[in-house]
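Participant: Pasting protein13.cif below, which is mmCIF, C-alpha atoms.
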data_upload
#
loop_
_atom_site.label_atom_id
_atom_site.label_comp_id
_atom_site.auth_asym_id
_atom_site.auth_seq_id
_atom_site.Cartn_x
_atom_site.Cartn_y
_atom_site.Cartn_z
CA MET D 1 112.63 172.88 27.92
CA ALA D 2 110.88 175.66 26.02
CA ASP D 3 111.27 175.28 22.26
CA ARG D 4 111.94 178.98 21.89
CA VAL D 5 112.35 181.91 24.30
CA THR D 6 111.94 185.46 23.07
CA VAL D 7 112.58 188.44 25.33
CA ILE D 8 110.67 191.53 24.23
CA GLY D 9 111.54 194.99 25.45
CA TRP D 10 108.64 197.40 25.90
CA ASP D 11 108.96 201.17 26.15
CA GLY D 12 105.31 202.14 25.79
CA SER D 13 105.36 202.43 22.02
CA PRO D 14 103.50 199.99 19.74
CA LEU D 15 105.15 196.58 19.47
CA THR D 16 107.24 195.92 16.38
CA GLU D 17 106.16 193.35 13.82
CA ALA D 18 108.78 190.92 15.13
CA ALA D 19 107.55 191.35 18.69
CA ARG D 20 103.90 190.87 17.71
CA ALA D 21 104.74 187.71 15.76
CA ALA D 22 106.67 186.19 18.68
CA LEU D 23 103.96 187.12 21.16
CA GLY D 24 101.19 185.78 18.95
CA ALA D 25 102.86 182.36 18.83
CA ALA D 26 103.58 182.17 22.57
CA THR D 27 102.17 179.40 24.74
CA LEU D 28 103.69 180.99 27.87
CA VAL D 29 104.06 184.71 28.59
CA ALA D 30 105.93 186.17 31.57
CA GLY D 31 105.88 189.82 32.54
CA ALA D 32 104.65 192.46 34.93
CA ALA D 33 100.91 193.08 35.32
CA HIS D 34 100.88 195.88 32.74
CA HIS D 35 102.67 193.63 30.25
CA LEU D 36 100.25 190.75 30.71
CA ALA D 37 97.36 193.18 30.10
CA LEU D 38 98.58 194.03 26.59
CA PRO D 39 95.98 193.05 23.96
CA GLU D 40 98.61 191.17 21.93
CA VAL D 41 99.02 188.52 24.66
CA PRO D 42 97.27 185.33 23.42
CA PRO D 43 94.23 184.56 25.59
CA GLY D 44 95.12 180.88 25.80
CA ALA D 45 98.74 181.33 26.83
CA GLU D 46 99.95 180.44 30.30
CA ARG D 47 100.76 183.65 32.17
CA ILE D 48 103.47 184.18 34.78
CA ARG D 49 103.52 187.35 36.87
CA LEU D 50 107.19 188.32 36.82
CA GLY D 51 108.61 188.78 40.31
CA SER D 52 111.71 186.66 40.70
CA VAL D 53 113.29 186.26 37.26
CA ALA D 54 115.12 183.15 38.45
CA LEU D 55 111.85 181.43 39.44
CA ALA D 56 110.30 182.40 36.11
CA ALA D 57 113.35 181.02 34.28
CA ARG D 58 112.91 177.65 36.00
CA ARG D 59 109.25 177.49 34.93
CA ILE D 60 110.19 178.49 31.39
CA ALA D 61 112.90 175.82 31.28
CA ALA D 62 110.29 173.20 32.23
CA HIS D 63 107.72 174.48 29.74
CA ARG D 64 106.96 172.59 26.52
CA GLY D 65 106.18 175.22 23.95
CA THR D 66 107.10 178.75 22.96
CA ALA D 67 107.82 181.30 25.70
CA VAL D 68 107.93 185.09 25.67
CA VAL D 69 109.26 187.32 28.45
CA LEU D 70 108.13 190.96 28.43
CA ALA D 71 110.27 193.56 30.19
CA ASP D 72 110.40 197.34 30.41
CA GLY D 73 113.01 199.15 28.34
CA ASP D 74 115.96 197.31 26.85
CA PRO D 75 116.02 193.86 28.53
CA GLY D 76 119.73 193.49 27.77
CA TYR D 77 120.71 196.64 29.67
CA PHE D 78 120.60 195.88 33.42
CA GLY D 79 117.62 193.67 32.54
CA VAL D 80 116.30 190.12 32.56
CA VAL D 81 118.50 188.75 29.78
CA ARG D 82 121.49 188.22 32.09
CA THR D 83 119.50 186.00 34.47
CA LEU D 84 117.72 184.10 31.71
CA ARG D 85 121.05 183.27 30.08
CA ALA D 86 122.55 181.85 33.28
CA PRO D 87 124.03 178.39 32.60
CA GLU D 88 121.84 176.63 35.19
CA PHE D 89 118.69 177.32 33.18
CA GLY D 90 120.04 176.19 29.80
CA LEU D 91 117.91 178.69 27.88
CA GLU D 92 118.75 180.09 24.47
CA VAL D 93 117.06 183.43 24.06
CA GLU D 94 116.29 185.83 21.25
CA VAL D 95 115.96 189.51 22.15
CA VAL D 96 113.72 192.16 20.63
CA PRO D 97 115.10 195.35 22.21
CA ALA D 98 113.40 198.64 22.97
CA VAL D 99 114.58 202.06 24.06
CA SER D 100 116.18 201.66 27.47
CA SER D 101 114.61 203.48 30.40
CA VAL D 102 117.87 205.39 30.85
CA ALA D 103 117.83 206.62 27.25
CA ALA D 104 114.15 207.52 27.62
CA ALA D 105 114.82 209.44 30.84
CA PHE D 106 117.56 211.54 29.27
CA ALA D 107 115.33 212.12 26.24
CA ARG D 108 112.57 213.44 28.50
CA ALA D 109 115.14 215.71 30.15
CA GLY D 110 116.47 216.85 26.77
CA MET D 111 120.04 216.01 27.81
CA PRO D 112 122.91 214.06 26.22
CA TRP D 113 124.02 211.04 28.22
CA ASP D 114 127.22 209.74 26.66
CA ASP D 115 129.02 211.48 29.54
CA ALA D 116 126.80 209.93 32.21
CA HIS D 117 127.51 207.08 34.62
CA VAL D 118 124.73 204.51 35.05
CA VAL D 119 124.24 202.61 38.31
CA VAL D 120 121.64 200.27 39.79
CA ALA D 121 120.35 200.98 43.28
CA HIS D 122 118.80 198.26 45.42
CA SER D 123 119.16 197.36 49.07
CA ARG D 124 122.67 195.92 48.62
CA THR D 125 124.08 198.57 46.31
CA LEU D 126 122.35 201.79 47.42
CA ARG D 127 125.33 203.18 49.34
CA ARG D 128 127.71 202.52 46.45
CA ALA D 129 125.28 204.10 43.99
CA VAL D 130 125.15 207.19 46.21
CA ASN D 131 128.95 207.33 46.27
CA VAL D 132 129.01 207.41 42.47
CA CYS D 133 126.56 210.33 42.64
CA ARG D 134 128.92 212.07 45.05
CA ALA D 135 131.90 211.55 42.76
CA HIS D 136 130.44 212.42 39.36
CA THR D 137 128.44 215.26 37.83
CA LYS D 138 125.92 213.24 35.82
CA VAL D 139 124.60 209.85 36.96
CA ALA D 140 121.51 207.87 35.99
CA VAL D 141 120.22 205.69 38.82
CA LEU D 142 117.96 202.72 38.07
CA THR D 143 116.07 202.50 41.34
CA SER D 144 114.08 199.83 43.14
CA PRO D 145 111.56 199.80 46.01
CA GLY D 146 113.36 200.95 49.15
CA ALA D 147 116.23 202.38 47.12
CA GLY D 148 114.55 205.24 45.31
CA PRO D 149 114.71 209.03 45.06
CA ALA D 150 113.89 209.60 48.73
CA GLU D 151 116.65 207.28 49.95
CA LEU D 152 119.14 208.78 47.48
CA GLY D 153 118.35 212.25 48.75
CA LEU D 154 118.72 211.28 52.39
CA LEU D 155 122.11 209.65 51.85
CA LEU D 156 123.37 212.63 49.82
CA GLU D 157 123.03 214.91 52.84
CA GLY D 158 125.59 217.68 52.62
CA VAL D 159 126.07 217.29 48.85
CA HIS D 160 123.85 219.45 46.64
CA ARG D 161 122.50 217.71 43.56
CA THR D 162 119.52 218.17 41.25
CA PHE D 163 117.25 215.18 40.62
CA VAL D 164 115.30 214.63 37.41
CA ILE D 165 112.88 211.89 38.46
CA CYS D 166 111.15 209.97 35.67
CA GLU D 167 108.29 207.78 36.93
CA GLU D 168 106.55 204.99 35.00
CA LEU D 169 108.11 205.91 31.67
CA GLY D 170 106.11 204.91 28.62
CA THR D 171 102.84 204.49 30.48
CA PRO D 172 99.82 206.82 30.67
CA ARG D 173 100.90 207.63 34.25
CA GLU D 174 104.36 208.85 33.20
CA ARG D 175 105.57 211.84 35.20
CA VAL D 176 108.83 213.81 35.12
CA SER D 177 109.77 215.98 38.13
CA VAL D 178 112.78 218.17 38.90
CA VAL D 179 113.69 218.65 42.57
CA THR D 180 116.81 219.33 44.59
CA SER D 181 118.24 216.33 46.41
CA ASP D 182 117.32 217.71 49.84
CA LYS D 183 113.63 217.83 48.84
CA ALA D 184 113.38 214.33 47.37
CA ALA D 185 112.53 212.73 50.73
CA ASP D 186 109.49 215.01 51.08
CA HIS D 187 107.60 213.20 48.30
CA THR D 188 106.26 209.74 47.57
CA TRP D 189 107.51 208.41 44.25
CA ARG D 190 105.94 205.74 42.06
CA ASP D 191 107.89 202.70 40.91
CA PRO D 192 109.48 202.04 38.54
CA ASN D 193 111.49 205.21 38.16
CA VAL D 194 114.82 206.46 36.89
CA VAL D 195 116.63 209.30 38.64
CA ILE D 196 119.06 211.52 36.77
CA VAL D 197 121.41 213.05 39.34
CA ILE D 198 123.25 216.14 38.15
CA GLY D 199 125.39 218.79 39.81
CA GLY D 200 128.84 219.59 41.06
CA ARG D 201 131.66 221.10 39.05
CA ALA D 202 131.67 219.93 35.44
CA ALA D 203 135.06 218.86 34.12
CA GLY D 204 134.25 219.87 30.53
CA ASP D 205 133.28 217.98 27.39
CA SER D 206 134.11 214.27 27.49
CA GLY D 207 135.25 214.36 23.86
CA GLY D 208 132.61 211.87 22.74
CA TRP D 209 134.81 208.80 22.40
CA ILE D 210 134.01 206.93 25.63
CA ALA D 211 130.94 206.79 27.88
CA GLY D 212 131.19 208.41 31.29
CA ARG D 213 134.05 210.61 32.40
CA ASP D 214 136.89 210.83 29.92
CA PRO D 215 139.81 209.01 31.61
CA SER D 216 142.29 211.03 29.55
CA ALA D 217 141.03 214.34 30.95
CA GLY D 218 143.58 216.02 33.20
CA PRO D 219 147.23 215.16 33.82
CA ARG D 220 148.47 211.60 33.44
CA GLY D 221 149.61 209.68 36.50
CA TRP D 222 148.12 207.99 39.56
CA THR D 223 149.69 210.73 41.66
CA LEU D 224 150.87 214.12 40.53
CA PRO D 225 153.95 216.20 41.40
CA ALA D 226 153.80 219.01 43.93
CA GLU D 227 153.41 221.79 41.36
CA GLU D 228 150.06 220.34 40.26
CA TYR D 229 148.78 220.97 43.80
CA GLY D 230 149.94 224.56 44.06
CA GLY D 231 153.50 224.11 45.27
CA GLU D 232 155.02 222.87 48.53
CA LEU D 233 153.37 219.83 50.09
CA GLY D 234 153.32 218.80 53.73
CA GLU D 235 155.62 216.05 55.00
CA GLY D 236 152.78 213.51 54.92
CA GLU D 237 151.81 214.41 51.34
CA ARG D 238 155.09 213.76 49.54
CA GLU D 239 154.63 211.77 46.36
CA PRO D 240 156.38 208.49 47.35
CA LEU D 241 154.32 208.20 50.55
CA ARG D 242 151.11 209.27 48.80
CA THR D 243 151.64 206.75 46.00
CA SER D 244 152.13 203.95 48.53
CA GLN D 245 149.02 204.98 50.46
CA LEU D 246 146.92 204.97 47.28
CA ALA D 247 148.27 201.56 46.33
CA ARG D 248 147.29 200.09 49.70
CA LEU D 249 143.83 201.67 49.81
CA GLY D 250 142.96 201.10 46.15
CA PRO D 251 140.09 203.63 45.91
CA ARG D 252 137.62 202.83 43.13
CA PRO D 253 134.18 203.85 41.83
CA GLY D 254 131.49 203.22 44.44
CA ASP D 255 133.88 203.71 47.37
CA LEU D 256 133.69 206.52 49.91
CA VAL D 257 137.14 207.70 51.00
CA TRP D 258 137.86 209.78 54.07
CA ASP D 259 141.02 211.90 53.90
CA ILE D 260 141.60 213.17 57.43
CA GLY D 261 144.09 216.00 57.57
CA CYS D 262 143.80 216.74 53.86
CA GLY D 263 146.42 219.53 53.81
CA SER D 264 146.75 220.73 50.22
CA GLY D 265 144.21 218.20 48.95
CA ALA D 266 146.80 216.11 47.10
CA PHE D 267 145.67 212.70 48.37
CA ALA D 268 141.96 213.59 48.24
CA THR D 269 142.30 214.71 44.63
CA ASP D 270 144.25 211.60 43.64
CA ALA D 271 141.56 209.37 45.16
CA ALA D 272 138.82 211.31 43.37
CA ARG D 273 140.69 211.01 40.06
CA ALA D 274 140.49 207.23 40.58
CA GLY D 275 136.68 207.52 40.54
CA ALA D 276 135.94 207.31 44.27
CA ALA D 277 133.79 209.68 46.31
CA VAL D 278 135.92 211.61 48.78
CA ILE D 279 135.28 213.54 51.96
CA ALA D 280 138.30 215.70 52.81
CA VAL D 281 138.57 216.78 56.46
CA ASP D 282 140.87 219.36 58.04
CA SER D 283 140.86 221.58 61.13
CA ASP D 284 142.65 224.35 59.24
CA ARG D 285 140.37 226.58 57.14
CA GLU D 286 143.26 227.50 54.88
CA ALA D 287 143.89 223.80 54.19
CA CYS D 288 140.21 223.36 53.31
CA ALA D 289 140.43 226.35 50.93
CA ARG D 290 143.60 224.93 49.28
CA THR D 291 141.92 221.56 48.87
CA ASP D 292 138.86 223.16 47.29
CA SER D 293 141.07 225.14 44.91
CA THR D 294 143.00 222.01 43.93
CA ALA D 295 139.80 220.06 43.27
CA ARG D 296 138.38 222.87 41.12
CA ARG D 297 141.57 223.16 39.10
CA LEU D 298 141.75 219.42 38.42
CA GLY D 299 138.00 219.00 37.83
CA VAL D 300 137.11 216.48 40.56
CA GLN D 301 134.25 216.37 43.06
CA LEU D 302 135.13 216.60 46.75
CA GLN D 303 133.06 217.19 49.85
CA ILE D 304 135.19 219.31 52.17
CA VAL D 305 134.48 219.31 55.91
CA HIS D 306 136.10 221.80 58.27
CA GLY D 307 136.50 220.43 61.79
CA THR D 308 138.75 218.65 64.24
CA ALA D 309 138.99 214.86 64.24
CA PRO D 310 137.89 212.65 65.84
CA HIS D 311 134.77 214.64 66.87
CA VAL D 312 133.96 215.87 63.36
CA LEU D 313 133.89 212.27 62.08
CA GLU D 314 130.83 211.28 64.09
CA ASN D 315 128.25 212.48 61.58
CA LEU D 316 130.04 211.52 58.38
CA PRO D 317 128.66 208.66 56.24
CA GLU D 318 130.36 205.28 56.52
CA PRO D 319 133.73 205.07 54.72
CA ASP D 320 135.15 202.19 52.71
CA VAL D 321 138.80 203.23 53.04
CA VAL D 322 140.47 205.95 55.10
CA ARG D 323 143.73 207.88 55.02
CA VAL D 324 144.68 209.34 58.39
CA GLY D 325 147.00 212.21 57.56
CA GLY D 326 147.02 213.72 61.03
CA GLY D 327 145.83 213.17 64.60
CA GLY D 328 147.85 210.09 65.47
CA ALA D 329 146.59 207.07 67.40
CA ALA D 330 143.48 208.79 68.80
CA VAL D 331 142.12 209.50 65.32
CA VAL D 332 143.15 206.06 64.06
CA SER D 333 141.19 204.52 66.94
CA ALA D 334 138.07 206.57 66.12
CA VAL D 335 138.33 205.59 62.46
CA ALA D 336 138.79 201.91 63.28
CA ASP D 337 135.60 202.03 65.35
CA ARG D 338 133.74 202.77 62.09
CA ARG D 339 135.14 199.55 60.53
CA PRO D 340 136.31 200.69 57.08
CA GLN D 341 137.82 197.94 54.98
CA ARG D 342 141.27 199.57 54.92
CA ILE D 343 143.09 202.29 56.82
CA VAL D 344 146.47 203.89 56.11
CA ALA D 345 148.45 206.21 58.37
CA HIS D 346 152.05 207.33 58.69
CA ALA D 347 154.39 208.16 61.53
CA ALA D 348 157.68 210.00 61.85
CA THR D 349 159.14 207.74 64.58
CA ARG D 350 159.15 204.05 65.35
CA ASP D 351 157.50 204.60 68.74
CA ALA D 352 154.59 206.44 67.11
CA ALA D 353 154.33 203.74 64.46
CA GLU D 354 154.20 200.98 67.09
CA LEU D 355 151.44 202.81 68.97
CA ILE D 356 149.30 203.14 65.82
CA GLY D 357 150.04 199.54 64.84
CA ARG D 358 148.99 198.17 68.23
CA ASN D 359 145.84 200.26 68.09
CA LEU D 360 144.87 198.82 64.71
CA THR D 361 145.65 195.28 65.85
CA GLU D 362 143.45 195.70 68.93
CA HIS D 363 140.61 196.73 66.62
CA GLY D 364 140.96 193.49 64.64
CA TYR D 365 142.94 194.79 61.66
CA ARG D 366 145.79 192.96 59.99
CA VAL D 367 148.68 195.41 60.16
CA GLU D 368 151.66 195.99 57.91
CA CYS D 369 154.38 198.58 58.40
CA ALA D 370 157.14 199.70 56.04
CA LEU D 371 159.87 202.27 56.42
CA LEU D 372 159.83 204.43 53.30
CA GLN D 373 162.93 206.41 52.44
CA SER D 374 163.09 208.56 49.34
CA LEU D 375 165.82 210.77 47.98
CA GLU D 376 165.07 213.30 45.26
CA LEU D 377 167.97 214.33 43.05
CA ASP D 378 168.60 217.50 41.09
CA THR D 379 169.34 215.90 37.72
CA SER D 380 171.10 218.99 36.37
CA VAL D 381 174.01 218.34 38.73
CA TRP D 382 172.97 214.96 40.22
CA THR D 383 173.09 216.13 43.79
CA GLU D 384 170.70 215.51 46.66
CA LYS D 385 167.72 217.83 46.56
CA GLU D 386 165.29 216.47 49.13
CA ARG D 387 165.13 213.47 51.46
CA SER D 388 162.11 212.09 53.29
CA VAL D 389 161.63 209.22 55.73
CA ALA D 390 158.32 207.92 57.08
CA PHE D 391 156.81 204.79 58.59
CA LEU D 392 153.82 203.70 56.48
CA LEU D 393 151.16 201.69 58.34
CA SER D 394 148.24 199.95 56.71
CA GLY D 395 145.42 198.02 58.34
CA VAL D 396 143.13 195.60 56.51
CA LEU D 397 139.93 194.33 58.06
CA PRO D 398 139.79 190.56 57.49
CA ALA D 399 136.84 189.31 55.49
CA ARG D 400 134.32 187.21 57.36
CA GLY D 401 135.54 183.66 57.50
CA ASP D 402 139.23 184.63 57.25
#
Could I get this structure in the form of structure tokens?
Facilitator:
Amino acid sequence: MADRVTVIGWDGSPLTEAARAALGAATLVAGAAHHLALPEVPPGAERIRLGSVALAARRIAAHRGTAVVLADGDPGYFGVVRTLRAPEFGLEVEVVPAVSSVAAAFARAGMPWDDAHVVVAHSRTLRRAVNVCRAHTKVAVLTSPGAGPAELGLLLEGVHRTFVICEELGTPRERVSVVTSDKAADHTWRDPNVVIVIGGRAAGDSGGWIAGRDPSAGPRGWTLPAEEYGGELGEGEREPLRTSQLARLGPRPGDLVWDIGCGSGAFATDAARAGAAVIAVDSDREACARTDSTARRLGVQLQIVHGTAPHVLENLPEPDVVRVGGGGAAVVSAVADRRPQRIVAHAATRDAAELIGRNLTEHGYRVECALLQSLELDTSVWTEKERSVAFLLSGVLPARGD
């Protein structure tokens, strides 16, 4: 095992005294080509071109001597330190940090970033990274080959954002470009790069006490009462049913939620307040306008699509979870064909509930149904104020191997 492993972050500025001392004593140096070309790398040291960090870690673990790993930016922030510290390698590492590429990108843009979300985009996480960009007004995306500015722009179709693209930060070839998201696919971008994605309706100052969106902004509660959504809600939007639907879907950051038959926008807004990206669909233009007004008032990002389901769903991006607020079994069937992880719907009668349930079962979903009855009381006189009854159906797509 290596006697000592030092991980040095590099941001293009001269190496610190501690970094130069560690590098000068190294008998093995791992890094990208531009790291290995640094004049401080000892000529007699073994050199490893850093591709797979796990493979490099195995070679370092077998090395007898002093090892140094060079990495761009802060190696402890979405960097190599996590892999090197994995238990299977048994390495103890010291870290000499540098300015992270995200901090450098925001510095080039002259923007604060304590209110930004930071995501990593690669082939497995690109869609989820895009959903965070849909849901939030300021996101930094650490890209990778095949999951860069062009791919982000293509997947954000229908959502206007501005990209600040920072290529090869800290090198002589550094370049910063500002383009709209729909133009990003028209260019070829150099790796590595960081993309700052900004746009949408800002919810105001985060207050400066927590990174990202301030979770205390806006009213408290997973769901909100009718008056927060502009007054009377439709039968399928009442709070008890809506709360149960949210609980079964569990929308979260990185998810894309479809709300079909969005009505006043109550469910769509609740899902967006949970951090998910939301596409709200309705055939009624007035419903779309109410939903947009609700989203603006509560400071969340929604994409609103006017059209009739199931036809309007054909060109929408793939959902993770779906609420079917209208359209019955035909819409449920079209949604199930897209294979979201979870679907919720409701019905006013048992016959309608059985039809939807059979439809979900035939599509391979595990189905649950509950009869929800709620009675609202006027607490000034403790008399019945409003009663609602609905069948709540939820379908869960079994994981592979279940």
Participant: At most 10 Å is the cut-off: for each residue in stretch 239-292 of chain D with any atom that close to an atom of stretch 370-381 of chain D, write down the nearest atom pair and the distance in Å rounded to one decimal, counting all atoms listed in the file, chain first then increasing number, as a tab-separated table.
Facilitator:
residue	atom	partner	partner_atom	distance
D:Glu239	CA	D:Ser374	CA	9.5
D:Pro240	CA	D:Ser374	CA	7.0
D:Leu241	CA	D:Leu372	CA	7.2
D:Ser244	CA	D:Leu372	CA	9.1
Participant: Would you please work out which residue, of D:Ala329, D:Val96, D:Ala54, D:Leu38, is nearest to D:Ala18 when using all atoms listed in the file?
Facilitator: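 Among the listed residues, the smallest separation from D:Ala18 belongs to D:Val96.
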Participant: If you measure from atom CA of D:Trp113 to atom CA of D:Thr294, what distance in Å do you get, rounded to one decimal?
Facilitator: 27.0 Å
Participant: Spell out the residues picked by the PyMOL selection byres ((chain D and resi 184) around 10) here, as a list in words.
Facilitator: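 On the file shown, the PyMOL selection byres ((chain D and resi 184) around 10) covers Gly148, Pro149, Ala150, Glu151, Leu152, Gly153, Leu154, Thr162, Phe163, Ile165, Val178, Val179, Thr180, Ser181, Asp182, Lys183, Ala185, Asp186, His187, Thr188 and Trp189 of chain D.
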Participant: Kindly extract all protein, DNA and RNA residues lying within 8 Å of the coordinates (148.2, 207.2, 46.2) given in the file, considering all atoms listed in the file, and supply them as a PyMOL selection string.
Facilitator: chain D and resi 222-223+239+241-249+267+270-271
Participant: Using all atoms listed in the file, list the residues that have an atom at most 6 Å from (144.5, 199.4, 56.1), coordinates as in the file, as a PDB file with C-alpha atoms, in the coordinates of the input.
Facilitator:
ATOM      1  CA  ARG D 342     141.270 199.570  54.920  1.00  0.00           C
ATOM      2  CA  ILE D 343     143.090 202.290  56.820  1.00  0.00           C
ATOM      3  CA  VAL D 344     146.470 203.890  56.110  1.00  0.00           C
ATOM      4  CA  SER D 394     148.240 199.950  56.710  1.00  0.00           C
ATOM      5  CA  GLY D 395     145.420 198.020  58.340  1.00  0.00           C
ATOM      6  CA  VAL D 396     143.130 195.600  56.510  1.00  0.00           C
TER       7      VAL D 396
END
Participant: For this structure, which residues satisfy the selection - the PyMOL selection byres ((chain D and resi 129) around 9) - when it is evaluated on the file as given? I want them as an NGL selection string.
Facilitator: :D and (118-122 or 125-128 or 130-134 or 141 or 152 or 254)
Participant: Just to confirm, what's the straight-line distance from atom CA of D:Ser293 to atom CA of D:Phe391 in Å (one decimal)?
Facilitator: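 Atom CA of D:Phe391 lies at a distance of 29.1 Å from atom CA of D:Ser293.
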Participant: Can you tell me how far atom CA of D:Val194 sits from atom CA of D:Val68, in Å to one decimal?
Facilitator: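 That distance, rounded to one decimal, is 25.1 Å.
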Participant: For a quick check of understanding, using only C-alpha atoms, which of D:Asp292, D:Glu94, D:Asp214, D:Glu237 has the smallest distance to D:Val305?
Facilitator: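 Using only C-alpha atoms, the shortest distance to D:Val305 belongs to D:Asp292.
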Participant: Pick out the residues sitting within 12 Å of stretch 21-32 of chain D, and hand them over as a ChimeraX atom specification; count only C-alpha atoms, and ignore anything fewer than 4 positions along from it in its own chain.
Facilitator: /D:2-10,15-17,36-72,75,80,84,94-96,192
Participant: Selection in question (the file shown): the PyMOL selection byres ((chain D and resi 275-284) around 8). Which residues does it include, as a ChimeraX atom specification?
Facilitator: /D:131-132,134-135,251-263,265,268,271-274,285-288,291,301-309
Participant: Excluding stretch 350-366 of chain D and residues on its chain fewer than 6 positions from it, collect all residues at most 12 Å away from it, counting only C-alpha atoms, and give them as a PyMOL selection string.
Facilitator: chain D and resi 324+326-344+389-400+402
